[in-house]
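Single-structure report; data block below.
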Amino acid sequence: NNHEQILTEEKIDLRVRVICDLGRTLKHEERIPLDRYEEAWDAAKDTKDLTISQVSDFVKGTHYPHSIMIDCTASEEVATYHESWLRKGIHVVSANRKGGSAELFNFQACELASLEHNCHWNYAVTVAGPLPVTVAIQDLQATGDKIHKVEGLLSNSMDHVFSGLSSFTPDPKTPTLKFSEAVLAAIKQGCMEAVGVDELSGIDVARRCLILARS
């Protein structure tokens, strides 16, 4: 499995010890077996017995050399804990744009905590998904290059919506889809969240722009 491969090839003993969402918590003192965790996760329904602070305390432990919290949420509340995790000596990997686009004071506090406690605060995936755009920008600046302009598609969701609107019938004045229909089509294709208020309002694009600017 992946654990054995990483251990053999990279000499890293990577252990997932707790998984949680709003309604449940699945934890193990040593390691959650990821190749068969689904059954245990289903059985953990309605077993939310740890607060966010208690989860980080559990992750930190006392006998592990390194600890990582992975924020896969879109929660503003969870994002406010990034600084405290870093100050506990926990590395933070986040897909939550509300951390990197938080108020400037909070953003700077996280950066300072990351430096003071020698911990990584990695949120590169919050812009352009798997393409490390923010890392590339930071690397270019670190080597003396000056960034003049950043261009790209800032919302895959809205790209699908507008692509639907730009597909015309034989009558060029009549679009194939109404805006609402294009949104529903994007949701059905898995290209937009069922409640895409942040995307449709432009807030999500604004967050990405702010994260890029801060990079």
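Residues are named by chain letter and number: chains run A, B, ... in the order of the structure tokens, numbers start at 1 in each chain, and ligands are numbered from 1 in the order shown.
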Spatial neighbours of Thr134 of chain A, 9 Å, only C-alpha atoms, chain gap at least 2 places, as a CSV table (one decimal) with N, CA, C and O atoms, in the first residue's frame:
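Resulting contents of around-v3.csv:
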chain,number,residue,atom,x,y,z
A,123,TYR,N,-0.2,26.4,1.5
A,123,TYR,CA,-1.6,26.6,1.0
A,123,TYR,C,-1.5,26.8,-0.5
A,123,TYR,O,-2.4,27.4,-1.1
A,124,ALA,N,-0.5,26.2,-1.2
A,124,ALA,CA,-0.3,26.4,-2.6
A,124,ALA,C,-1.4,25.9,-3.4
A,124,ALA,O,-1.8,26.4,-4.5
A,125,VAL,N,-2.1,24.8,-2.9
A,125,VAL,CA,-3.2,24.2,-3.6
A,125,VAL,C,-4.4,25.1,-3.7
A,125,VAL,O,-5.4,24.8,-4.5
A,127,VAL,N,-4.8,27.9,-5.0
A,127,VAL,CA,-4.8,28.6,-6.3
A,127,VAL,C,-4.3,27.7,-7.4
A,127,VAL,O,-3.2,27.2,-7.2
A,128,ALA,N,-5.1,27.4,-8.4
A,128,ALA,CA,-4.7,26.6,-9.5
A,128,ALA,C,-4.6,25.1,-9.2
A,128,ALA,O,-4.0,24.4,-9.8
A,131,LEU,N,-1.4,22.7,-9.5
A,131,LEU,CA,-0.3,23.4,-10.1
A,131,LEU,C,0.2,24.4,-9.1
A,131,LEU,O,-0.5,25.3,-8.7
A,132,PRO,N,1.5,24.3,-8.7
A,132,PRO,CA,2.0,25.1,-7.6
A,132,PRO,C,2.3,26.5,-8.0
A,132,PRO,O,3.5,26.9,-8.1
A,136,ALA,N,5.8,28.8,-7.5
A,136,ALA,CA,6.6,29.2,-8.6
A,136,ALA,C,6.9,30.7,-8.5
A,136,ALA,O,8.0,31.2,-8.8
A,137,ILE,N,5.8,31.5,-8.1
A,137,ILE,CA,6.0,32.9,-8.0
A,137,ILE,C,7.0,33.3,-6.9
A,137,ILE,O,7.9,34.1,-7.1
A,138,GLN,N,6.9,32.6,-5.8
A,138,GLN,CA,7.8,32.8,-4.7
A,138,GLN,C,9.3,32.5,-5.0
A,138,GLN,O,10.2,33.2,-4.7
A,139,ASP,N,9.4,31.4,-5.8
A,139,ASP,CA,10.7,30.9,-6.2
A,139,ASP,C,11.4,31.9,-7.2
A,139,ASP,O,12.6,32.3,-7.1
A,211,ILE,N,-4.6,35.9,-2.5
A,211,ILE,CA,-3.5,34.9,-2.2
A,211,ILE,C,-2.4,35.1,-3.2
A,211,ILE,O,-1.2,35.1,-2.8
A,212,LEU,N,-2.7,35.2,-4.5
A,212,LEU,CA,-1.6,35.5,-5.5
A,212,LEU,C,-0.8,36.7,-5.2
A,212,LEU,O,0.4,36.8,-5.3
A,215,SER,N,1.5,36.4,-2.4
A,215,SER,CA,2.7,35.5,-2.8
A,215,SER,C,3.8,36.3,-3.3
A,215,SER,O,4.9,35.8,-3.4
Name the residues in contact with Arg97 of chain A at a cut-off of 8 Å, using only C-alpha atoms, excluding same-chain residues fewer than 3 positions from it; report them as a list in words.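 Here the qualifying residues turn out to be Ala74, Ser94, Gly100, Ser101, Tyr123, Thr126, Arg207 and Arg208 of chain A.
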Pick the closest to Thr25 of chain A from A:Thr8, A:Thr80, A:Thr51, A:Ser166: which is it, counting only C-alpha atoms?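 The shortest atom-to-atom distance to Thr25 of chain A comes from A:Thr51.
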Give me, as a PyMOL selection string, all polymer residues having an atom no more than 9 Å from Asp204 of chain A, counting only C-alpha atoms and skipping those fewer than 6 positions away in the same chain. chain A and resi 97+154-155+197-198
Write out as number ranges by chain the residues lying within 12 Å of segment 30-44 of chain A, counting only C-alpha atoms and excluding same-chain residues fewer than 2 positions away. A: 1-4, 13-28, 46-49, 58-59, 61, 63-64
Rounded to one decimal place, report the atom CA of Gln141 of chain A-atom CA of Cys209 of chain A distance in Å.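 Interatomic distance here is 17.5 Å.
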Which residue, A:Cys119, A:Val93, A:Val161, A:Leu177, has the smallest gap to Met192 of chain A when you use only C-alpha atoms?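 Closest to Met192 of chain A of all the choices is A:Val161.
Here atom CA of Leu210 of chain A and atom CA of Leu104 of chain A stand 10.2 Å from one another.
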Write down as a short mmCIF file (atom, residue, chain, number, x, y, z; two decimals) with all heavy atoms, in the first residue's frame the residues belonging to segment 10-178 of chain A that are assigned strand (DSSP E or B) by DSSP computed on the backbone.
data_model
loop_
_atom_site.label_atom_id
_atom_site.label_comp_id
_atom_site.auth_asym_id
_atom_site.auth_seq_id
_atom_site.Cartn_x
_atom_site.Cartn_y
_atom_site.Cartn_z
N VAL A 18 -5.81 10.66 12.85
CA VAL A 18 -7.17 11.15 13.12
C VAL A 18 -7.77 11.76 11.86
O VAL A 18 -7.08 12.44 11.10
CB VAL A 18 -7.18 12.18 14.29
CG1 VAL A 18 -6.32 13.38 13.97
CG2 VAL A 18 -8.61 12.62 14.62
N ILE A 19 -9.03 11.45 11.60
CA ILE A 19 -9.81 12.04 10.51
C ILE A 19 -11.11 12.55 11.13
O ILE A 19 -11.76 11.82 11.90
CB ILE A 19 -10.14 11.01 9.42
CG1 ILE A 19 -8.86 10.36 8.88
CG2 ILE A 19 -10.91 11.67 8.27
CD1 ILE A 19 -9.12 9.19 7.94
N CYS A 20 -11.50 13.75 10.81
CA CYS A 20 -12.75 14.26 11.39
C CYS A 20 -13.43 15.23 10.46
O CYS A 20 -12.81 15.85 9.59
CB CYS A 20 -12.49 14.92 12.75
SG CYS A 20 -11.35 16.31 12.71
N ARG A 24 -18.30 13.66 12.93
CA ARG A 24 -17.68 12.44 13.43
C ARG A 24 -16.17 12.58 13.56
O ARG A 24 -15.54 13.44 12.95
CB ARG A 24 -18.03 11.27 12.53
CG ARG A 24 -17.38 11.31 11.17
CD ARG A 24 -17.91 10.23 10.25
NE ARG A 24 -18.85 10.79 9.29
CZ ARG A 24 -19.43 10.10 8.33
NH1 ARG A 24 -19.22 8.81 8.24
NH2 ARG A 24 -20.27 10.67 7.49
N THR A 25 -15.61 11.68 14.34
CA THR A 25 -14.17 11.63 14.55
C THR A 25 -13.72 10.18 14.51
O THR A 25 -14.29 9.33 15.19
CB THR A 25 -13.77 12.25 15.91
OG1 THR A 25 -14.21 13.60 15.98
CG2 THR A 25 -12.26 12.19 16.10
N LEU A 26 -12.70 9.91 13.71
CA LEU A 26 -12.10 8.59 13.67
C LEU A 26 -10.64 8.76 14.05
O LEU A 26 -9.90 9.51 13.42
CB LEU A 26 -12.20 7.99 12.26
CG LEU A 26 -11.54 6.63 12.02
CD1 LEU A 26 -12.18 5.56 12.91
CD2 LEU A 26 -11.63 6.23 10.56
N LYS A 27 -10.21 8.11 15.13
CA LYS A 27 -8.83 8.28 15.58
C LYS A 27 -8.24 6.95 16.03
O LYS A 27 -8.94 6.01 16.35
CB LYS A 27 -8.77 9.30 16.72
CG LYS A 27 -9.47 8.91 17.99
CD LYS A 27 -9.35 10.03 19.03
CE LYS A 27 -9.90 9.63 20.39
NZ LYS A 27 -11.35 9.44 20.37
N LYS A 45 -20.05 7.54 12.61
CA LYS A 45 -21.06 8.59 12.45
C LYS A 45 -21.62 9.03 13.80
O LYS A 45 -21.89 8.21 14.68
CB LYS A 45 -22.20 8.08 11.56
CG LYS A 45 -23.21 9.15 11.18
CD LYS A 45 -24.26 8.61 10.23
CE LYS A 45 -25.25 9.69 9.82
NZ LYS A 45 -26.28 9.16 8.90
N ILE A 68 1.46 16.96 11.34
CA ILE A 68 0.85 17.74 10.26
C ILE A 68 -0.66 17.76 10.43
O ILE A 68 -1.27 16.72 10.67
CB ILE A 68 1.18 17.15 8.87
CG1 ILE A 68 2.69 17.03 8.66
CG2 ILE A 68 0.57 17.99 7.76
CD1 ILE A 68 3.06 16.31 7.38
N MET A 69 -1.24 18.94 10.29
CA MET A 69 -2.69 19.08 10.20
C MET A 69 -3.02 19.42 8.75
O MET A 69 -2.41 20.33 8.17
CB MET A 69 -3.20 20.18 11.12
CG MET A 69 -3.11 19.86 12.60
SD MET A 69 -4.36 18.67 13.16
CE MET A 69 -5.82 19.71 13.18
N ILE A 70 -3.97 18.71 8.16
CA ILE A 70 -4.39 18.97 6.79
C ILE A 70 -5.82 19.51 6.81
O ILE A 70 -6.74 18.83 7.25
CB ILE A 70 -4.32 17.69 5.93
CG1 ILE A 70 -2.89 17.13 5.94
CG2 ILE A 70 -4.78 17.98 4.50
CD1 ILE A 70 -2.74 15.82 5.21
N ASP A 71 -5.98 20.74 6.38
CA ASP A 71 -7.29 21.40 6.37
C ASP A 71 -7.89 21.27 4.97
O ASP A 71 -7.50 21.98 4.04
CB ASP A 71 -7.12 22.87 6.77
CG ASP A 71 -8.43 23.64 6.75
OD1 ASP A 71 -9.49 23.02 6.50
OD2 ASP A 71 -8.40 24.86 7.01
N HIS A 91 2.98 21.35 11.48
CA HIS A 91 2.96 21.83 10.10
C HIS A 91 1.50 21.87 9.62
O HIS A 91 0.68 21.04 10.01
CB HIS A 91 3.76 20.89 9.20
CG HIS A 91 5.19 20.72 9.61
ND1 HIS A 91 6.14 21.70 9.44
CD2 HIS A 91 5.81 19.67 10.22
CE1 HIS A 91 7.30 21.27 9.90
NE2 HIS A 91 7.13 20.05 10.38
N VAL A 92 1.19 22.84 8.75
CA VAL A 92 -0.19 22.99 8.25
C VAL A 92 -0.19 22.94 6.73
O VAL A 92 0.51 23.71 6.07
CB VAL A 92 -0.82 24.32 8.73
CG1 VAL A 92 -2.23 24.47 8.16
CG2 VAL A 92 -0.85 24.39 10.26
N VAL A 93 -0.96 22.03 6.19
CA VAL A 93 -1.19 21.95 4.74
C VAL A 93 -2.67 22.23 4.53
O VAL A 93 -3.52 21.55 5.11
CB VAL A 93 -0.82 20.55 4.18
CG1 VAL A 93 -1.17 20.47 2.70
CG2 VAL A 93 0.65 20.26 4.41
N SER A 94 -2.98 23.22 3.72
CA SER A 94 -4.37 23.68 3.64
C SER A 94 -4.87 23.83 2.22
O SER A 94 -4.18 24.37 1.35
CB SER A 94 -4.51 25.02 4.37
OG SER A 94 -5.82 25.52 4.24
N TRP A 121 3.75 26.29 6.50
CA TRP A 121 2.34 26.66 6.30
C TRP A 121 2.14 26.64 4.79
O TRP A 121 2.48 27.59 4.10
CB TRP A 121 2.04 28.03 6.89
CG TRP A 121 0.61 28.45 6.75
CD1 TRP A 121 -0.49 27.65 6.86
CD2 TRP A 121 0.12 29.78 6.51
NE1 TRP A 121 -1.64 28.39 6.69
CE2 TRP A 121 -1.31 29.69 6.48
CE3 TRP A 121 0.72 31.01 6.33
CZ2 TRP A 121 -2.11 30.81 6.26
CZ3 TRP A 121 -0.08 32.12 6.11
CH2 TRP A 121 -1.48 32.02 6.09
N ASN A 122 1.63 25.55 4.27
CA ASN A 122 1.54 25.33 2.82
C ASN A 122 0.10 25.41 2.36
O ASN A 122 -0.72 24.58 2.74
CB ASN A 122 2.15 23.96 2.47
CG ASN A 122 2.34 23.78 0.98
OD1 ASN A 122 1.56 24.30 0.18
ND2 ASN A 122 3.37 23.05 0.60
N PHE A 168 -23.67 28.23 -28.99
CA PHE A 168 -24.86 28.81 -29.62
C PHE A 168 -25.61 27.83 -30.51
O PHE A 168 -25.04 26.88 -31.05
CB PHE A 168 -24.46 30.05 -30.45
CG PHE A 168 -24.02 31.20 -29.62
CD1 PHE A 168 -22.67 31.44 -29.40
CD2 PHE A 168 -24.94 32.04 -29.01
CE1 PHE A 168 -22.26 32.52 -28.63
CE2 PHE A 168 -24.54 33.11 -28.24
CZ PHE A 168 -23.20 33.34 -28.04
N PRO A 175 -28.67 31.87 -27.16
CA PRO A 175 -27.74 30.95 -26.50
C PRO A 175 -28.40 29.61 -26.21
O PRO A 175 -29.61 29.53 -26.02
CB PRO A 175 -27.38 31.68 -25.20
CG PRO A 175 -28.50 32.63 -24.97
CD PRO A 175 -29.02 33.02 -26.32
#
When distances are computed from only C-alpha atoms, which of A:Pro65, A:Glu29, A:Glu193, A:Leu115 shows the smallest separation from Ile12 of chain A?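 Looking at the shortest contact to Ile12 of chain A, the residue is A:Pro65.
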DSSP on the backbone, helix (DSSP H, G or I) only: what residues of chain A does that give? Format it as a PyMOL selection string. chain A and resi 2-10+34-43+52-60+76-79+82-87+97-100+104-116+124-126+133-142+156-165+179-188+197-201+203-214
May I ask which of the residues A:Thr143, A:Ser75, A:Ser84, A:Ser56 is the closest one to Lys98 of chain A, counting only C-alpha atoms? A:Ser75
Interatomic distance, atom CA of Ser114 of chain A to atom CA of Arg87 of chain A (Å, one decimal): 7.4 Å
Excluding Gly99 of chain A and residues on its chain fewer than 3 positions from it, collect all residues at most 8 Å away from it, counting only C-alpha atoms, and give them as a ChimeraX atom specification. /A:76,79-80,82,94,96,102,107
Nearest residue to Tyr81 of chain A from the set A:Asn118, A:Ser53, A:Thr62, A:Ser67 (distances using only C-alpha atoms): A:Ser53
Might you pull out every residue within 12 Å of His160 of chain A, with only C-alpha atoms counted and same-chain residues fewer than 2 positions away left off, and present them as a PyMOL selection string? chain A and resi 153-158+162-167+177+179+181-192+199-200
Restricting the output to N, CA, C and O atoms, write the selected residues as an mmCIF file, in the first residue's frame.
data_model
loop_
_atom_site.group_PDB
_atom_site.id
_atom_site.type_symbol
_atom_site.label_atom_id
_atom_site.label_comp_id
_atom_site.auth_asym_id
_atom_site.auth_seq_id
_atom_site.Cartn_x
_atom_site.Cartn_y
_atom_site.Cartn_z
ATOM 1 N N LEU A 153 -6.683 31.284 -15.680
ATOM 2 C CA LEU A 153 -8.081 31.014 -15.370
ATOM 3 C C LEU A 153 -8.225 30.899 -13.858
ATOM 4 O O LEU A 153 -7.639 30.010 -13.237
ATOM 5 N N LEU A 154 -8.977 31.791 -13.254
ATOM 6 C CA LEU A 154 -9.082 31.835 -11.796
ATOM 7 C C LEU A 154 -10.280 31.067 -11.251
ATOM 8 O O LEU A 154 -10.406 30.915 -10.043
ATOM 9 N N SER A 155 -11.148 30.594 -12.107
ATOM 10 C CA SER A 155 -12.298 29.822 -11.631
ATOM 11 C C SER A 155 -12.697 28.789 -12.675
ATOM 12 O O SER A 155 -13.297 29.134 -13.704
ATOM 13 N N ASN A 156 -12.357 27.548 -12.421
ATOM 14 C CA ASN A 156 -12.747 26.466 -13.314
ATOM 15 C C ASN A 156 -14.272 26.339 -13.371
ATOM 16 O O ASN A 156 -14.854 26.045 -14.415
ATOM 17 N N SER A 157 -14.897 26.589 -12.232
ATOM 18 C CA SER A 157 -16.362 26.497 -12.152
ATOM 19 C C SER A 157 -17.025 27.492 -13.096
ATOM 20 O O SER A 157 -17.904 27.145 -13.893
ATOM 21 N N MET A 158 -16.606 28.761 -13.006
ATOM 22 C CA MET A 158 -17.222 29.791 -13.831
ATOM 23 C C MET A 158 -16.842 29.620 -15.299
ATOM 24 O O MET A 158 -17.598 29.995 -16.190
ATOM 25 N N PHE A 162 -19.602 29.742 -18.202
ATOM 26 C CA PHE A 162 -19.545 30.636 -19.360
ATOM 27 C C PHE A 162 -19.360 29.868 -20.661
ATOM 28 O O PHE A 162 -19.807 30.310 -21.719
ATOM 29 N N SER A 163 -18.694 28.705 -20.586
ATOM 30 C CA SER A 163 -18.565 27.867 -21.783
ATOM 31 C C SER A 163 -19.936 27.376 -22.226
ATOM 32 O O SER A 163 -20.223 27.293 -23.425
ATOM 33 N N GLY A 164 -20.792 27.058 -21.238
ATOM 34 C CA GLY A 164 -22.157 26.651 -21.553
ATOM 35 C C GLY A 164 -22.946 27.764 -22.207
ATOM 36 O O GLY A 164 -23.727 27.550 -23.139
ATOM 37 N N LEU A 165 -22.718 28.999 -21.757
ATOM 38 C CA LEU A 165 -23.437 30.152 -22.321
ATOM 39 C C LEU A 165 -22.927 30.515 -23.709
ATOM 40 O O LEU A 165 -23.645 31.127 -24.501
ATOM 41 N N SER A 166 -21.675 30.154 -24.008
ATOM 42 C CA SER A 166 -21.099 30.555 -25.295
ATOM 43 C C SER A 166 -21.330 29.527 -26.399
ATOM 44 O O SER A 166 -20.862 29.691 -27.523
ATOM 45 N N SER A 167 -22.035 28.433 -26.077
ATOM 46 C CA SER A 167 -22.381 27.437 -27.098
ATOM 47 C C SER A 167 -23.708 27.840 -27.737
ATOM 48 O O SER A 167 -24.747 27.824 -27.078
ATOM 49 N N LEU A 177 -28.043 27.678 -23.581
ATOM 50 C CA LEU A 177 -28.465 27.545 -22.189
ATOM 51 C C LEU A 177 -28.731 28.893 -21.547
ATOM 52 O O LEU A 177 -28.088 29.888 -21.872
ATOM 53 N N PHE A 179 -28.518 31.113 -18.024
ATOM 54 C CA PHE A 179 -27.456 31.137 -16.999
ATOM 55 C C PHE A 179 -27.724 30.091 -15.922
ATOM 56 O O PHE A 179 -26.821 29.349 -15.525
ATOM 57 N N GLU A 181 -29.373 27.366 -16.160
ATOM 58 C CA GLU A 181 -29.177 26.028 -16.712
ATOM 59 C C GLU A 181 -27.689 25.691 -16.819
ATOM 60 O O GLU A 181 -27.267 24.547 -16.582
ATOM 61 N N ALA A 182 -26.879 26.693 -17.165
ATOM 62 C CA ALA A 182 -25.433 26.481 -17.258
ATOM 63 C C ALA A 182 -24.841 26.178 -15.880
ATOM 64 O O ALA A 182 -23.943 25.349 -15.744
ATOM 65 N N VAL A 183 -25.371 26.835 -14.850
ATOM 66 C CA VAL A 183 -24.917 26.578 -13.468
ATOM 67 C C VAL A 183 -25.279 25.154 -13.059
ATOM 68 O O VAL A 183 -24.449 24.423 -12.508
ATOM 69 N N LEU A 184 -26.513 24.747 -13.332
ATOM 70 C CA LEU A 184 -26.949 23.388 -12.992
ATOM 71 C C LEU A 184 -26.121 22.340 -13.728
ATOM 72 O O LEU A 184 -25.771 21.292 -13.167
ATOM 73 N N ALA A 185 -25.783 22.630 -14.994
ATOM 74 C CA ALA A 185 -24.959 21.696 -15.775
ATOM 75 C C ALA A 185 -23.571 21.563 -15.162
ATOM 76 O O ALA A 185 -23.017 20.465 -15.085
ATOM 77 N N ALA A 186 -23.007 22.688 -14.690
ATOM 78 C CA ALA A 186 -21.680 22.657 -14.062
ATOM 79 C C ALA A 186 -21.716 21.854 -12.764
ATOM 80 O O ALA A 186 -20.787 21.110 -12.449
ATOM 81 N N ILE A 187 -22.812 21.984 -12.009
ATOM 82 C CA ILE A 187 -22.961 21.223 -10.755
ATOM 83 C C ILE A 187 -23.049 19.734 -11.051
ATOM 84 O O ILE A 187 -22.400 18.908 -10.406
ATOM 85 N N LYS A 188 -23.857 19.371 -12.071
ATOM 86 C CA LYS A 188 -24.030 17.955 -12.425
ATOM 87 C C LYS A 188 -22.729 17.330 -12.909
ATOM 88 O O LYS A 188 -22.491 16.143 -12.716
ATOM 89 N N GLN A 189 -21.884 18.134 -13.551
ATOM 90 C CA GLN A 189 -20.608 17.635 -14.055
ATOM 91 C C GLN A 189 -19.539 17.600 -12.966
ATOM 92 O O GLN A 189 -18.403 17.186 -13.214
ATOM 93 N N GLY A 190 -19.909 18.029 -11.753
ATOM 94 C CA GLY A 190 -18.952 18.034 -10.652
ATOM 95 C C GLY A 190 -17.959 19.174 -10.719
ATOM 96 O O GLY A 190 -16.908 19.136 -10.075
ATOM 97 N N CYS A 191 -18.276 20.199 -11.491
ATOM 98 C CA CYS A 191 -17.362 21.332 -11.657
ATOM 99 C C CYS A 191 -17.696 22.493 -10.731
ATOM 100 O O CYS A 191 -16.986 23.502 -10.720
ATOM 101 N N MET A 192 -18.770 22.368 -9.975
ATOM 102 C CA MET A 192 -19.162 23.422 -9.040
ATOM 103 C C MET A 192 -19.863 22.795 -7.853
ATOM 104 O O MET A 192 -20.556 21.783 -7.994
ATOM 105 N N GLU A 199 -18.606 31.175 -5.395
ATOM 106 C CA GLU A 199 -18.116 31.179 -6.773
ATOM 107 C C GLU A 199 -18.945 32.121 -7.641
ATOM 108 O O GLU A 199 -18.403 32.904 -8.428
ATOM 109 N N LEU A 200 -20.254 32.050 -7.500
ATOM 110 C CA LEU A 200 -21.139 32.865 -8.337
ATOM 111 C C LEU A 200 -21.048 34.351 -7.982
ATOM 112 O O LEU A 200 -21.240 35.208 -8.846
#
